[in-house]
Amino acid sequence: MAGVWRPPLKVVWCGVVPYQTAWDWQRQLAVARADGEQEDDVLLLMEHPPVYTIDRGGKPEHLLRGEAGIRESGAEYFDVDRGGSVTYHGPGQLVGYPIVNLEQLRIDVFAYLRALEEALIDACQLRGVEAFREPPYTGVWNRQGKLAALGVKLSGRKVTYHGFSLNGTTDLTAFDLIVPCGIPDRRATSLEEAGASGDLQPEALAELVSPFVAHALGLRWELGRAAELGLRLAVTSPPSTR
């Protein structure tokens, strides 16, 4: 029986990328995808230097030491245009930015978020970590706390940008400066803390997670190249450190 053809999800590992650069890339690609100039859906995978981001609906009290405290920590800080309140990105964490056309996938943003959660849950379980949803919250959890955060935005009401983060070997003390995702009494955790097996560095997690994301969206995993998307990557990417 012949298989069903599925459109590709072009997956690009970008290495260590400053947050502003990644945000600019996302908006550029989202507009191109919405206009039809970018023909395929894309998943950008990367690691960020330490940075805190808060959406326009985020509450100042979710910054436990204020913006000044964040900057004193040496991290960057951005007000951004996604949902999900406040979060942290940094070394040892995989960050994924899917640029996908929901209209062509024939799903709404709620089904899209559930698909990303499903992909991340499957990836965590493959590494021996029991992971699950915790309604009414968005994200992926285990008994110790939140493993993965999600926050998205639509361009032209149909193309996604922003995305998800998955804590691999992330320094969890970085979350002490915030109320993660604006959810009180819920701590962040990591695959390392949960006793996950295998390589937990971001590039290895990118290889683990990306096929699950493609499958959950009904797309075909395909290796993409930064050059074909007009992205200029650093020549080398320093390894994650703890």
# chains A, B, ... in the order shown; residues from 1 in each chain; ligands from 1

call {"tool": "residues_around", "arguments": {"residues": "Val129 (chain A)", "least_positions_apart": "5", "cutoff": "12 Å", "atoms": "only C-alpha atoms", "output": "list in words"}}
result
Leu120, Ile121, Asp122, Ala123, Cys124, Val140, Trp141, Asn142, Arg143, Gln144, Leu147, Gly168, Thr189, Ser190, Leu191, Glu192, Glu193, Ala194, Gly195, Ala196, Ser197 and Gly198 of chain A

call {"tool": "closest_atom_pairs", "arguments": {"of": "region 37-108 of chain A", "to": "region 217-232 of chain A", "cutoff": "12 Å", "atoms": "only C-alpha atoms", "output": "CSV"}}
result
residue,atom,partner,partner_atom,distance
A:Glu37,CA,A:Leu229,CA,10.6
A:Gln38,CA,A:Leu229,CA,8.1
A:Glu39,CA,A:Leu229,CA,10.5
A:Asp40,CA,A:Gly224,CA,10.0
A:Asp41,CA,A:Leu219,CA,8.8
A:Val42,CA,A:Gly224,CA,8.0
A:Leu43,CA,A:Gly224,CA,8.7
A:Leu44,CA,A:Ala226,CA,9.1
A:Leu45,CA,A:Ala226,CA,11.0
A:Pro98,CA,A:Leu217,CA,10.5
A:Ile99,CA,A:Leu229,CA,11.6
A:Val100,CA,A:Leu217,CA,9.3
A:Asn101,CA,A:Leu217,CA,10.6
A:Leu102,CA,A:Leu217,CA,9.5
A:Gln104,CA,A:Leu217,CA,11.0
A:Leu105,CA,A:Leu217,CA,7.6
A:Arg106,CA,A:Leu217,CA,10.2
A:Ile107,CA,A:Leu217,CA,9.2
A:Asp108,CA,A:Leu217,CA,11.6

call {"tool": "closest_residue", "arguments": {"among": "A:Val213, A:Glu207, A:Val31, A:Leu154", "to": "Phe110 (chain A)", "atoms": "only C-alpha atoms"}}
result
A:Leu154

call {"tool": "residues_around", "arguments": {"residues": "Cys14 (chain A)", "least_positions_apart": "2", "cutoff": "9 Å", "atoms": "only C-alpha atoms", "output": "list in words"}}
result
Val12, Val16, Val17, Leu44, Leu45, Met46, Glu47, Ala226, Leu233, Ala234 and Ser237 of chain A

call {"tool": "closest_residue", "arguments": {"among": "A:Ser85, A:Glu118, A:Pro60, A:Pro18", "to": "Ala216 (chain A)", "atoms": "only C-alpha atoms"}}
result
A:Glu118

call {"tool": "closest_residue", "arguments": {"among": "A:Gly128, A:Gly69, A:Asp79, A:His162", "to": "Ala22 (chain A)", "atoms": "only C-alpha atoms"}}
result
A:His162

call {"tool": "residues_around", "arguments": {"residues": "Leu166 (chain A)", "least_positions_apart": "4", "cutoff": "6 Å", "atoms": "only C-alpha atoms", "output": "VMD selection string"}}
result
chain A and resid 93 to 94 147 to 148

call {"tool": "write_last_selection", "arguments": {"atoms": "N, CA and C atoms", "output": "mmCIF file, in the first residue's frame"}}
result
data_model
loop_
_atom_site.group_PDB
_atom_site.id
_atom_site.type_symbol
_atom_site.label_atom_id
_atom_site.label_comp_id
_atom_site.auth_asym_id
_atom_site.auth_seq_id
_atom_site.Cartn_x
_atom_site.Cartn_y
_atom_site.Cartn_z
ATOM 1 N N GLN A 93 19.660 24.248 27.602
ATOM 2 C CA GLN A 93 18.235 24.183 27.275
ATOM 3 C C GLN A 93 18.054 24.199 25.756
ATOM 4 N N LEU A 94 17.208 23.308 25.259
ATOM 5 C CA LEU A 94 16.851 23.319 23.845
ATOM 6 C C LEU A 94 15.686 24.274 23.631
ATOM 7 N N LEU A 147 8.983 20.683 32.828
ATOM 8 C CA LEU A 147 10.123 20.343 31.971
ATOM 9 C C LEU A 147 10.221 21.232 30.744
ATOM 10 N N ALA A 148 9.080 21.605 30.183
ATOM 11 C CA ALA A 148 9.058 22.342 28.915
ATOM 12 C C ALA A 148 7.992 23.421 28.955
#

call {"tool": "residues_around", "arguments": {"residues": "Thr53 (chain A)", "least_positions_apart": "2", "cutoff": "8 Å", "atoms": "only C-alpha atoms", "output": "VMD selection string"}}
result
chain A and resid 51 55 77 to 80 86 to 88

call {"tool": "write_last_selection", "arguments": {"atoms": "C-alpha atoms", "output": "compact mmCIF listing (two decimals), in the first residue's frame"}}
result
# COMPACT_ATOMS: atom_id res chain seq x y z
CA VAL A 51 17.94 35.64 28.68
CA ASP A 55 4.99 38.85 27.19
CA TYR A 77 15.82 40.89 29.15
CA PHE A 78 13.14 41.34 26.46
CA ASP A 79 9.47 42.28 26.30
CA VAL A 80 8.11 39.98 23.59
CA VAL A 86 7.76 35.16 31.80
CA THR A 87 10.38 32.50 31.14
CA TYR A 88 14.11 31.90 31.06

call {"tool": "residues_around", "arguments": {"residues": "Ala149 (chain A)", "least_positions_apart": "2", "cutoff": "10 Å", "atoms": "only C-alpha atoms", "output": "PyMOL selection string"}}
result
chain A and resi 84+87-88+95+117+137-141+146-147+151+163-167+180-181+188

call {"tool": "atom_distance", "arguments": {"atom1": "CA of Phe175 (chain A)", "atom2": "CA of Arg187 (chain A)"}}
result
8.1 Å

call {"tool": "atom_distance", "arguments": {"atom1": "CA of Ala119 (chain A)", "atom2": "CA of Val209 (chain A)"}}
result
6.9 Å
